[in-house]
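Chemist: If it helps, the file is called model_9.cif and holds mmCIF, C-alpha atoms:
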```cif
data_data
#
loop_
_atom_site.group_PDB
_atom_site.id
_atom_site.type_symbol
_atom_site.label_atom_id
_atom_site.label_comp_id
_atom_site.auth_asym_id
_atom_site.auth_seq_id
_atom_site.Cartn_x
_atom_site.Cartn_y
_atom_site.Cartn_z
ATOM 1 C CA MET G 1 -97.360 124.565 26.437
ATOM 2 C CA ARG G 2 -95.053 126.301 28.801
ATOM 3 C CA GLY G 3 -94.713 123.894 31.692
ATOM 4 C CA VAL G 4 -98.134 124.713 33.174
ATOM 5 C CA THR G 5 -99.089 122.031 35.703
ATOM 6 C CA GLY G 6 -102.846 122.701 35.905
ATOM 7 C CA ARG G 7 -105.412 120.543 34.136
ATOM 8 C CA LEU G 8 -105.052 120.414 30.350
ATOM 9 C CA MET G 9 -108.172 119.696 28.294
ATOM 10 C CA LEU G 10 -107.717 118.367 24.757
ATOM 11 C CA LEU G 11 -110.702 118.410 22.411
ATOM 12 C CA ASP G 12 -111.030 115.929 19.560
ATOM 13 C CA THR G 13 -112.731 118.756 17.721
ATOM 14 C CA ALA G 14 -114.089 116.933 14.667
ATOM 15 C CA SER G 15 -115.532 114.202 16.862
ATOM 16 C CA LEU G 16 -117.354 116.844 18.900
ATOM 17 C CA TYR G 17 -118.664 118.943 16.029
ATOM 18 C CA PHE G 18 -119.922 115.789 14.280
ATOM 19 C CA ARG G 19 -121.852 114.993 17.462
ATOM 20 C CA ALA G 20 -123.106 118.553 17.655
ATOM 21 C CA TYR G 21 -124.224 118.409 14.024
ATOM 22 C CA PHE G 22 -126.307 115.281 14.574
ATOM 23 C CA GLY G 23 -127.478 116.330 18.051
ATOM 24 C CA VAL G 24 -128.682 119.871 17.296
ATOM 25 C CA PRO G 25 -131.549 120.343 14.793
ATOM 26 C CA ASP G 26 -130.533 121.709 11.380
ATOM 27 C CA SER G 27 -133.304 124.259 11.817
ATOM 28 C CA VAL G 28 -130.720 126.248 13.818
ATOM 29 C CA LYS G 29 -129.620 128.652 11.102
ATOM 30 C CA ALA G 30 -127.807 131.916 10.449
ATOM 31 C CA PRO G 31 -129.826 134.963 9.330
ATOM 32 C CA ASP G 32 -129.141 134.044 5.694
ATOM 33 C CA GLY G 33 -130.492 130.524 6.204
ATOM 34 C CA THR G 34 -127.120 128.723 6.459
ATOM 35 C CA PRO G 35 -127.291 125.900 9.033
ATOM 36 C CA VAL G 36 -125.074 126.614 12.060
ATOM 37 C CA ASN G 37 -126.191 123.723 14.264
ATOM 38 C CA ALA G 38 -122.669 122.259 14.487
ATOM 39 C CA VAL G 39 -121.177 125.676 15.315
ATOM 40 C CA ARG G 40 -123.626 126.488 18.066
ATOM 41 C CA GLY G 41 -123.621 122.931 19.365
ATOM 42 C CA LEU G 42 -119.826 122.911 19.661
ATOM 43 C CA LEU G 43 -119.825 126.270 21.462
ATOM 44 C CA ASP G 44 -122.392 124.871 23.912
ATOM 45 C CA PHE G 45 -120.215 121.775 24.380
ATOM 46 C CA ILE G 46 -117.129 123.862 25.172
ATOM 47 C CA ASP G 47 -119.120 126.090 27.525
ATOM 48 C CA ARG G 48 -120.351 123.065 29.497
ATOM 49 C CA LEU G 49 -116.920 121.439 29.565
ATOM 50 C CA VAL G 50 -115.215 124.571 30.881
ATOM 51 C CA LYS G 51 -117.945 125.111 33.498
ATOM 52 C CA ASP G 52 -117.846 121.538 34.756
ATOM 53 C CA HIS G 53 -114.121 120.794 34.601
ATOM 54 C CA ARG G 54 -112.353 124.164 34.827
ATOM 55 C CA PRO G 55 -109.230 123.373 32.787
ATOM 56 C CA VAL G 56 -106.266 125.742 33.013
ATOM 57 C CA GLU G 57 -105.302 124.968 29.413
ATOM 58 C CA LEU G 58 -107.503 124.031 26.451
ATOM 59 C CA VAL G 59 -106.554 122.939 22.936
ATOM 60 C CA ALA G 60 -108.974 122.308 20.084
ATOM 61 C CA CYS G 61 -107.090 119.564 18.223
ATOM 62 C CA MET G 62 -107.795 119.346 14.494
ATOM 63 C CA ASP G 63 -107.419 116.789 11.693
ATOM 64 C CA ALA G 64 -104.946 118.424 9.289
ATOM 65 C CA ASP G 65 -104.991 115.026 7.560
ATOM 66 C CA TRP G 66 -107.762 112.641 8.591
ATOM 67 C CA ARG G 67 -106.179 109.749 6.609
ATOM 68 C CA PRO G 68 -102.383 110.180 6.648
ATOM 69 C CA GLY G 69 -100.489 108.587 3.781
ATOM 70 C CA TRP G 70 -98.020 106.887 6.107
ATOM 71 C CA ARG G 71 -100.889 104.960 7.732
ATOM 72 C CA VAL G 72 -102.490 104.093 4.374
ATOM 73 C CA GLU G 73 -99.143 102.847 3.067
ATOM 74 C CA LEU G 74 -99.018 100.316 5.898
ATOM 75 C CA ILE G 75 -102.708 99.307 5.766
ATOM 76 C CA PRO G 76 -104.341 100.406 2.460
ATOM 77 C CA SER G 77 -107.857 99.736 3.788
ATOM 78 C CA TYR G 78 -107.383 102.353 6.536
ATOM 79 C CA LYS G 79 -110.512 104.561 6.428
ATOM 80 C CA ALA G 80 -110.818 103.757 2.704
ATOM 81 C CA HIS G 81 -114.618 103.437 2.861
ATOM 82 C CA ARG G 82 -114.853 107.053 4.087
ATOM 83 C CA VAL G 83 -113.035 108.592 1.112
ATOM 84 C CA ALA G 84 -115.244 110.884 -0.983
ATOM 85 C CA GLU G 85 -112.479 111.949 -3.342
ATOM 86 C CA GLU G 86 -108.822 110.972 -3.644
ATOM 87 C CA HIS G 87 -106.198 113.683 -4.103
ATOM 88 C CA GLU G 88 -102.704 113.017 -5.444
ATOM 89 C CA THR G 89 -101.385 115.988 -3.491
ATOM 90 C CA GLY G 90 -102.782 116.811 -0.087
ATOM 91 C CA PRO G 91 -105.272 114.897 2.077
ATOM 92 C CA ASP G 92 -108.074 112.844 0.543
ATOM 93 C CA GLN G 93 -111.540 114.335 0.932
ATOM 94 C CA GLU G 94 -113.676 112.651 3.581
ATOM 95 C CA VAL G 95 -117.381 111.915 3.255
ATOM 96 C CA VAL G 96 -118.997 114.724 5.265
ATOM 97 C CA PRO G 97 -122.662 115.835 5.259
ATOM 98 C CA ASP G 98 -123.233 118.673 2.772
ATOM 99 C CA THR G 99 -124.462 121.105 5.409
ATOM 100 C CA LEU G 100 -121.613 120.345 7.840
ATOM 101 C CA SER G 101 -118.636 121.130 5.577
ATOM 102 C CA PRO G 102 -119.428 124.877 5.290
ATOM 103 C CA GLN G 103 -119.652 125.117 9.088
ATOM 104 C CA VAL G 104 -116.069 123.982 9.739
ATOM 105 C CA PRO G 105 -114.419 127.251 8.599
ATOM 106 C CA ILE G 106 -116.895 129.161 10.798
ATOM 107 C CA ILE G 107 -115.926 126.997 13.788
ATOM 108 C CA GLU G 108 -112.252 127.652 13.110
ATOM 109 C CA ALA G 109 -112.774 131.414 12.781
ATOM 110 C CA VAL G 110 -114.778 131.624 16.016
ATOM 111 C CA LEU G 111 -112.236 129.598 18.001
ATOM 112 C CA ASP G 112 -109.430 131.801 16.679
ATOM 113 C CA ALA G 113 -111.284 135.017 17.522
ATOM 114 C CA LEU G 114 -111.981 133.712 21.019
ATOM 115 C CA GLY G 115 -108.297 132.936 21.467
ATOM 116 C CA ILE G 116 -108.812 129.205 22.081
ATOM 117 C CA ALA G 117 -105.716 127.359 20.886
ATOM 118 C CA ARG G 118 -106.465 125.415 17.703
ATOM 119 C CA VAL G 119 -103.790 122.991 16.542
ATOM 120 C CA GLY G 120 -103.573 120.748 13.501
ATOM 121 C CA VAL G 121 -100.308 119.494 12.029
ATOM 122 C CA ALA G 122 -99.817 118.523 8.372
ATOM 123 C CA GLY G 123 -99.634 114.760 7.879
ATOM 124 C CA TYR G 124 -101.293 113.929 11.205
ATOM 125 C CA GLU G 125 -104.716 113.293 12.662
ATOM 126 C CA ALA G 126 -106.131 115.095 15.681
ATOM 127 C CA ASP G 127 -105.521 111.861 17.633
ATOM 128 C CA ASP G 128 -101.785 112.277 17.048
ATOM 129 C CA VAL G 129 -101.850 115.896 18.183
ATOM 130 C CA ILE G 130 -103.704 114.763 21.304
ATOM 131 C CA GLY G 131 -101.197 111.950 21.855
ATOM 132 C CA THR G 132 -98.255 114.341 21.653
ATOM 133 C CA TYR G 133 -99.768 116.955 23.968
ATOM 134 C CA THR G 134 -100.581 114.161 26.421
ATOM 135 C CA ALA G 135 -97.029 112.811 26.311
ATOM 136 C CA ARG G 136 -95.621 116.282 27.004
ATOM 137 C CA ALA G 137 -98.094 117.285 29.706
ATOM 138 C CA LYS G 138 -96.707 118.146 33.130
ATOM 139 C CA GLY G 139 -100.042 117.788 34.909
ATOM 140 C CA PRO G 140 -103.395 115.982 34.595
ATOM 141 C CA VAL G 141 -105.080 115.688 31.178
ATOM 142 C CA ASP G 142 -108.726 115.400 30.158
ATOM 143 C CA ILE G 143 -109.238 114.147 26.591
ATOM 144 C CA VAL G 144 -112.747 114.859 25.298
ATOM 145 C CA THR G 145 -113.647 112.559 22.420
ATOM 146 C CA GLY G 146 -116.346 110.315 21.023
ATOM 147 C CA ASP G 147 -113.601 108.072 19.598
ATOM 148 C CA ARG G 148 -112.702 105.031 21.710
ATOM 149 C CA ASP G 149 -109.295 104.786 19.989
ATOM 150 C CA LEU G 150 -108.045 107.363 22.473
ATOM 151 C CA TYR G 151 -108.701 105.034 25.409
ATOM 152 C CA GLN G 152 -105.129 103.886 24.769
ATOM 153 C CA LEU G 153 -103.881 107.140 26.337
ATOM 154 C CA VAL G 154 -105.621 106.596 29.687
ATOM 155 C CA ASP G 155 -103.024 106.530 32.463
ATOM 156 C CA ASP G 156 -104.059 106.774 36.117
ATOM 157 C CA ALA G 157 -100.502 107.367 37.323
ATOM 158 C CA ARG G 158 -100.276 110.526 35.193
ATOM 159 C CA GLY G 159 -103.881 111.646 35.685
ATOM 160 C CA VAL G 160 -104.822 111.094 32.034
ATOM 161 C CA ARG G 161 -108.464 110.214 31.482
ATOM 162 C CA VAL G 162 -110.944 110.263 28.591
ATOM 163 C CA LEU G 163 -114.255 112.107 28.883
ATOM 164 C CA TYR G 164 -116.511 110.248 26.471
ATOM 165 C CA PRO G 165 -119.838 111.964 25.685
ATOM 166 C CA LEU G 166 -122.821 109.673 26.162
ATOM 167 C CA LYS G 167 -125.485 112.339 25.626
ATOM 168 C CA GLY G 168 -124.282 115.770 24.574
ATOM 169 C CA VAL G 169 -121.514 116.647 26.992
ATOM 170 C CA GLY G 170 -123.816 116.919 29.975
ATOM 171 C CA THR G 171 -123.440 113.179 30.509
ATOM 172 C CA LEU G 172 -119.829 112.066 30.224
ATOM 173 C CA GLN G 173 -118.296 108.676 30.803
ATOM 174 C CA LEU G 174 -115.140 109.336 32.836
ATOM 175 C CA THR G 175 -112.839 106.667 31.493
ATOM 176 C CA ASP G 176 -109.947 105.697 33.759
ATOM 177 C CA GLU G 177 -108.002 102.448 34.100
ATOM 178 C CA THR G 178 -110.482 100.990 36.588
ATOM 179 C CA TRP G 179 -113.313 101.483 34.085
ATOM 180 C CA LEU G 180 -111.203 100.047 31.231
ATOM 181 C CA ARG G 181 -110.312 96.916 33.228
ATOM 182 C CA GLU G 182 -113.959 96.345 34.158
ATOM 183 C CA LYS G 183 -115.177 96.875 30.592
ATOM 184 C CA TYR G 184 -112.362 95.400 28.484
ATOM 185 C CA GLY G 185 -109.988 93.656 30.882
ATOM 186 C CA VAL G 186 -107.057 95.894 29.879
ATOM 187 C CA ASP G 187 -105.428 99.132 30.955
ATOM 188 C CA GLY G 188 -104.835 102.111 28.669
ATOM 189 C CA ARG G 189 -101.698 100.727 27.093
ATOM 190 C CA GLY G 190 -103.356 97.363 26.540
ATOM 191 C CA TYR G 191 -106.328 98.933 24.772
ATOM 192 C CA ALA G 192 -104.297 99.624 21.615
ATOM 193 C CA ASP G 193 -103.302 95.940 21.406
ATOM 194 C CA LEU G 194 -106.894 94.859 22.003
ATOM 195 C CA ALA G 195 -108.166 97.203 19.277
ATOM 196 C CA LEU G 196 -105.493 95.965 16.874
ATOM 197 C CA LEU G 197 -106.406 92.300 17.417
ATOM 198 C CA ARG G 198 -110.168 92.891 17.392
ATOM 199 C CA GLY G 199 -110.091 95.203 14.378
ATOM 200 C CA ASP G 200 -112.324 98.183 13.717
ATOM 201 C CA PRO G 201 -114.578 98.250 10.647
ATOM 202 C CA SER G 202 -115.236 101.981 11.115
ATOM 203 C CA ASP G 203 -111.523 102.632 10.530
ATOM 204 C CA GLY G 204 -111.012 99.889 7.943
ATOM 205 C CA LEU G 205 -108.798 97.815 10.265
ATOM 206 C CA PRO G 206 -109.300 94.105 9.568
ATOM 207 C CA GLY G 207 -108.000 92.744 12.867
ATOM 208 C CA VAL G 208 -107.092 89.075 13.257
ATOM 209 C CA ALA G 209 -109.715 86.736 11.808
ATOM 210 C CA GLY G 210 -111.641 84.876 14.498
ATOM 211 C CA ILE G 211 -110.268 87.004 17.360
ATOM 212 C CA GLY G 212 -113.005 89.171 18.792
ATOM 213 C CA GLU G 213 -112.915 91.487 21.775
ATOM 214 C CA LYS G 214 -113.308 88.813 24.482
ATOM 215 C CA THR G 215 -110.712 86.493 22.962
ATOM 216 C CA ALA G 216 -108.290 89.386 22.517
ATOM 217 C CA ALA G 217 -108.730 90.356 26.177
ATOM 218 C CA LYS G 218 -108.116 86.747 27.291
ATOM 219 C CA LEU G 219 -104.968 86.478 25.174
ATOM 220 C CA LEU G 220 -103.645 89.764 26.565
ATOM 221 C CA ALA G 221 -104.381 88.614 30.117
ATOM 222 C CA GLU G 222 -102.517 85.370 29.428
ATOM 223 C CA PHE G 223 -99.502 86.722 27.525
ATOM 224 C CA GLY G 224 -99.240 90.344 28.639
ATOM 225 C CA ASP G 225 -99.132 92.252 25.372
ATOM 226 C CA LEU G 226 -99.072 91.843 21.600
ATOM 227 C CA ALA G 227 -95.395 90.894 21.578
ATOM 228 C CA GLY G 228 -96.074 88.226 24.196
ATOM 229 C CA ILE G 229 -98.957 86.819 22.157
ATOM 230 C CA MET G 230 -96.863 86.598 18.988
ATOM 231 C CA ALA G 231 -94.001 84.991 20.919
ATOM 232 C CA ALA G 232 -96.505 82.389 22.166
ATOM 233 C CA VAL G 233 -97.363 81.512 18.562
ATOM 234 C CA ASP G 234 -93.810 80.168 18.191
ATOM 235 C CA ASP G 235 -93.867 78.371 21.552
ATOM 236 C CA PRO G 236 -95.498 74.932 21.271
ATOM 237 C CA ARG G 237 -95.984 74.899 25.065
ATOM 238 C CA ALA G 238 -98.045 78.118 25.050
ATOM 239 C CA LYS G 239 -101.752 77.830 25.809
ATOM 240 C CA LEU G 240 -103.150 78.641 22.386
ATOM 241 C CA THR G 241 -105.775 76.606 20.593
ATOM 242 C CA PRO G 242 -104.710 75.218 17.203
ATOM 243 C CA THR G 243 -107.149 77.633 15.536
ATOM 244 C CA GLN G 244 -105.779 80.650 17.413
ATOM 245 C CA ARG G 245 -102.231 79.675 16.548
ATOM 246 C CA LYS G 246 -103.166 79.272 12.886
ATOM 247 C CA ARG G 247 -105.059 82.575 12.718
ATOM 248 C CA LEU G 248 -102.280 84.534 14.421
ATOM 249 C CA THR G 249 -99.671 82.939 12.159
ATOM 250 C CA GLU G 250 -101.652 83.928 9.077
ATOM 251 C CA ALA G 251 -102.046 87.460 10.457
ATOM 252 C CA ARG G 252 -98.301 88.087 10.923
ATOM 253 C CA PRO G 253 -98.038 90.575 8.019
ATOM 254 C CA TYR G 254 -100.913 92.611 9.490
ATOM 255 C CA VAL G 255 -99.623 92.386 13.059
ATOM 256 C CA ALA G 256 -96.186 93.565 11.918
ATOM 257 C CA VAL G 257 -97.477 96.918 10.608
ATOM 258 C CA ALA G 258 -100.700 97.510 12.543
ATOM 259 C CA PRO G 259 -99.142 98.888 15.756
ATOM 260 C CA LYS G 260 -97.850 101.976 13.956
ATOM 261 C CA VAL G 261 -101.302 102.541 12.445
ATOM 262 C CA VAL G 262 -103.361 101.895 15.577
ATOM 263 C CA ARG G 263 -101.187 103.642 18.154
ATOM 264 C CA VAL G 264 -101.413 107.410 18.186
ATOM 265 C CA ALA G 265 -98.197 109.290 17.523
ATOM 266 C CA ASP G 266 -96.533 111.044 20.443
ATOM 267 C CA ASP G 267 -93.823 112.869 18.505
ATOM 268 C CA VAL G 268 -95.793 115.308 16.327
ATOM 269 C CA PRO G 269 -93.920 118.597 15.704
ATOM 270 C CA LEU G 270 -96.348 120.835 17.589
ATOM 271 C CA PRO G 271 -96.316 124.567 16.885
ATOM 272 C CA GLU G 272 -95.562 127.053 19.642
ATOM 273 C CA VAL G 273 -98.978 128.263 20.774
ATOM 274 C CA ASP G 274 -100.359 129.625 24.017
ATOM 275 C CA THR G 275 -102.655 126.899 25.324
ATOM 276 C CA THR G 276 -103.875 128.868 28.347
ATOM 277 C CA LEU G 277 -107.660 129.092 28.477
ATOM 278 C CA PRO G 278 -108.460 132.684 27.450
ATOM 279 C CA ARG G 279 -110.410 134.928 29.828
ATOM 280 C CA ALA G 280 -111.143 137.527 27.137
ATOM 281 C CA PRO G 281 -111.483 137.227 23.345
ATOM 282 C CA ARG G 282 -108.341 137.634 21.261
ATOM 283 C CA ASP G 283 -110.248 139.692 18.678
ATOM 284 C CA PRO G 284 -113.491 141.104 20.155
ATOM 285 C CA GLU G 285 -114.456 143.045 17.003
ATOM 286 C CA LEU G 286 -114.080 140.024 14.737
ATOM 287 C CA LEU G 287 -115.940 137.864 17.228
ATOM 288 C CA GLU G 288 -118.840 140.328 17.290
ATOM 289 C CA ALA G 289 -118.921 140.359 13.492
ATOM 290 C CA LEU G 290 -118.953 136.558 13.368
ATOM 291 C CA ALA G 291 -121.719 136.430 15.986
ATOM 292 C CA THR G 292 -123.868 138.793 13.915
ATOM 293 C CA ARG G 293 -123.046 137.218 10.542
ATOM 294 C CA TRP G 294 -123.798 133.686 11.675
ATOM 295 C CA GLY G 295 -126.452 134.313 14.336
ATOM 296 C CA LEU G 296 -124.469 132.660 17.141
ATOM 297 C CA GLY G 297 -126.562 134.373 19.801
ATOM 298 C CA GLY G 298 -126.782 132.837 23.245
ATOM 299 C CA SER G 299 -124.297 130.022 22.534
ATOM 300 C CA LEU G 300 -121.418 132.457 22.066
ATOM 301 C CA GLN G 301 -122.594 134.818 24.816
ATOM 302 C CA ARG G 302 -122.688 131.988 27.345
ATOM 303 C CA LEU G 303 -119.218 130.791 26.427
ATOM 304 C CA ARG G 304 -117.780 134.305 26.613
ATOM 305 C CA HIS G 305 -119.316 134.735 30.058
ATOM 306 C CA THR G 306 -117.969 131.379 31.242
ATOM 307 C CA LEU G 307 -114.465 132.166 29.989
ATOM 308 C CA GLY G 308 -114.482 135.524 31.743
ATOM 309 C CA SER G 309 -115.797 134.238 35.070
#
```
Please rewrite the model in this file as structure tokens.

Modeler:
Amino acid sequence: MRGVTGRLMLLDTASLYFRAYFGVPDSVKAPDGTPVNAVRGLLDFIDRLVKDHRPVELVACMDADWRPGWRVELIPSYKAHRVAEEHETGPDQEVVPDTLSPQVPIIEAVLDALGIARVGVAGYEADDVIGTYTARAKGPVDIVTGDRDLYQLVDDARGVRVLYPLKGVGTLQLTDETWLREKYGVDGRGYADLALLRGDPSDGLPGVAGIGEKTAAKLLAEFGDLAGIMAAVDDPRAKLTPTQRKRLTEARPYVAVAPKVVRVADDVPLPEVDTTLPRAPRDPELLEALATRWGLGGSLQRLRHTLGS
């Protein structure tokens, strides 16, 4: 990023190609019979997003490490149920459908040939890359993700919102602070505390026993934030039920480490890349070869046309 103040769009790329994979029939195949439903679906997603929202900058954010060791060290159950194979050196292997894994390198090659910035940083998840780009942004930011964890970055004052796909990317939930308050009773910053208290089985986060979403929202409304809630545990005058006080006391070890796990990083060492949305492919010959090899047809043609218009 070079101080551009136009709209920046950040893609949670894995989240989107997973959705594409399950949303586009696996009968969509390359000439050699290899499924390319996730590839073509993602290209269609990006085409629609650029058409509808006209970002000045676009970054496809990647998971260089989907389960960083520093998060696992704090909460060992973090994403543990999604591990297909543990590796002593390098990231653990995630459970991914057999016909999706081979499509990821194709996606990466096509994005690179198009000239769309693609950024993953060793030791960090795409969420952390998104969090750091958002923190550094000079102008408004659209975060496109099917992961509610990123609601914590929503900030009306800075023009940061989440575009959450409800059906493809043709129907998006535009998540701002008004929507968050109506749905969860918190703003963007408060969402991380709510998620921490509530827990998230899909990420292996236990939460605080007996504190669900509604109770978490009520506690945050009463005491302001996680620190305020934990201070109330030590204040006999605070309006906590005996059970809540007991549960929060028992959860102190979890509450002490969970914020670093739940909150996305905003200090990732990002590489120097040009994030400007390309108007022409970086490598037209390679792109043509990829289109032919993988039968990307109309999906790639439409995106190229949209980028050039």

Chemist: Using the chain letters and residue numbers of this document, give as a tab-separated table (two decimals) with C-alpha atoms, keeping the file's coordinate frame the residues selected by the PyMOL selection byres ((chain G and resi 25) around 12).

Modeler:
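Okay, this is what ended up in selection_16.tsv:
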```
chain	number	residue	atom	x	y	z
G	19	ARG	CA	-121.85	114.99	17.46
G	20	ALA	CA	-123.11	118.55	17.66
G	21	TYR	CA	-124.22	118.41	14.02
G	22	PHE	CA	-126.31	115.28	14.57
G	23	GLY	CA	-127.48	116.33	18.05
G	24	VAL	CA	-128.68	119.87	17.30
G	26	ASP	CA	-130.53	121.71	11.38
G	27	SER	CA	-133.30	124.26	11.82
G	28	VAL	CA	-130.72	126.25	13.82
G	29	LYS	CA	-129.62	128.65	11.10
G	35	PRO	CA	-127.29	125.90	9.03
G	36	VAL	CA	-125.07	126.61	12.06
G	37	ASN	CA	-126.19	123.72	14.26
G	38	ALA	CA	-122.67	122.26	14.49
G	39	VAL	CA	-121.18	125.68	15.32
G	40	ARG	CA	-123.63	126.49	18.07
G	41	GLY	CA	-123.62	122.93	19.36
G	99	THR	CA	-124.46	121.10	5.41
```

Chemist: Starting from the PyMOL selection byres ((chain G and resi 303-309) around 10), expand the selection into actual residues of this file and give them as a list in words.

Modeler: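 Given this file, the PyMOL selection byres ((chain G and resi 303-309) around 10) evaluates to Leu43, Asp44, Phe45, Ile46, Asp47, Arg48, Val50, Lys51, Arg54, Leu114, Leu277, Pro278, Arg279, Ala280, Pro281, Gly298, Ser299, Leu300, Gln301 and Arg302 of chain G.
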
Chemist: Got a sec to resolve the PyMOL selection byres ((chain G and resi 248) around 9) on this structure and send the residues as a PDB file with C-alpha atoms, keeping the file's coordinate frame?

Modeler:
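Wrote result-v9.pdb, looks like this:
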```
ATOM      1  CA  VAL G 208    -107.092  89.075  13.257  1.00  0.00           C
ATOM      2  CA  ALA G 209    -109.715  86.736  11.808  1.00  0.00           C
ATOM      3  CA  ILE G 211    -110.268  87.004  17.360  1.00  0.00           C
ATOM      4  CA  ILE G 229     -98.957  86.819  22.157  1.00  0.00           C
ATOM      5  CA  MET G 230     -96.863  86.598  18.988  1.00  0.00           C
ATOM      6  CA  VAL G 233     -97.363  81.512  18.562  1.00  0.00           C
ATOM      7  CA  THR G 243    -107.149  77.633  15.536  1.00  0.00           C
ATOM      8  CA  GLN G 244    -105.779  80.650  17.413  1.00  0.00           C
ATOM      9  CA  ARG G 245    -102.231  79.675  16.548  1.00  0.00           C
ATOM     10  CA  LYS G 246    -103.166  79.272  12.886  1.00  0.00           C
ATOM     11  CA  ARG G 247    -105.059  82.575  12.718  1.00  0.00           C
ATOM     12  CA  THR G 249     -99.671  82.939  12.159  1.00  0.00           C
ATOM     13  CA  GLU G 250    -101.652  83.928   9.077  1.00  0.00           C
ATOM     14  CA  ALA G 251    -102.046  87.460  10.457  1.00  0.00           C
ATOM     15  CA  ARG G 252     -98.301  88.087  10.923  1.00  0.00           C
ATOM     16  CA  VAL G 255     -99.623  92.386  13.059  1.00  0.00           C
TER      17      VAL G 255
END
```

Chemist: Which polymer residues have any atom within 8 Å of an atom of Ile75 in chain G, counting only C-alpha atoms, with same-chain residues fewer than 3 positions away left out, as a list in words?

Modeler: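 In the requested format, the answer is Arg71, Val72, Tyr78, Leu205, Tyr254, Val257, Ala258 and Val261 of chain G.
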
Chemist: Please identify all polymer residues within 10 Å of Met62 in chain G, counting only C-alpha atoms, omitting same-chain residues fewer than 3 positions from it, and present them as number ranges by chain.

Modeler: G: 11-15, 59, 65-66, 108, 118-121, 124-130

Chemist: Show which residues sit within 9 Å of range 282-287 of chain G, as a PDB file with C-alpha atoms, in the frame of the given file. Count all atoms listed in the file, and ignore same-chain residues fewer than 6 positions away.

Modeler:
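Saved file out31.pdb follows:
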```pdb
ATOM      1  CA  ALA G 109    -112.774 131.414  12.781  1.00  0.00           C
ATOM      2  CA  VAL G 110    -114.778 131.624  16.016  1.00  0.00           C
ATOM      3  CA  ASP G 112    -109.430 131.801  16.679  1.00  0.00           C
ATOM      4  CA  ALA G 113    -111.284 135.017  17.522  1.00  0.00           C
ATOM      5  CA  LEU G 114    -111.981 133.712  21.019  1.00  0.00           C
ATOM      6  CA  GLY G 115    -108.297 132.936  21.467  1.00  0.00           C
ATOM      7  CA  ILE G 116    -108.812 129.205  22.081  1.00  0.00           C
TER       8      ILE G 116
END
```

Chemist: Select, from G:Ala60, G:Ala80, G:Leu194, G:Leu180, the residue with the minimum atom-to-atom distance to Glu94 in chain G, counting only C-alpha atoms.

Modeler: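 Of the candidates, the smallest distance to Glu94 in chain G is held by G:Ala80.
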
Chemist: What is the distance between CA of Val273 in chain G and CA of Asp142 in chain G, in Å to one decimal?

Modeler: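 Going from CA of Val273 in chain G over to CA of Asp142 in chain G, I get 18.7 Å.
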
Chemist: For a quick check of understanding, using all atoms listed in the file, which of G:Leu196, G:Leu150, G:Ala117, G:Ala291 has the smallest distance to Pro259 in chain G?

Modeler: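 Smallest distance to Pro259 in chain G is found for G:Leu196.
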
Chemist: Which one is closest to Leu8 in chain G: G:Arg237, G:Arg82, G:Lys138, G:Arg67? Count only C-alpha atoms.

Modeler: G:Lys138

Chemist: Would you please work out which residue, of G:Asp63, G:Asp200, G:Asp149, G:Glu182, is nearest to Arg263 in chain G when using only C-alpha atoms?

Modeler: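 Distance minimum relative to Arg263 in chain G lands on G:Asp149.
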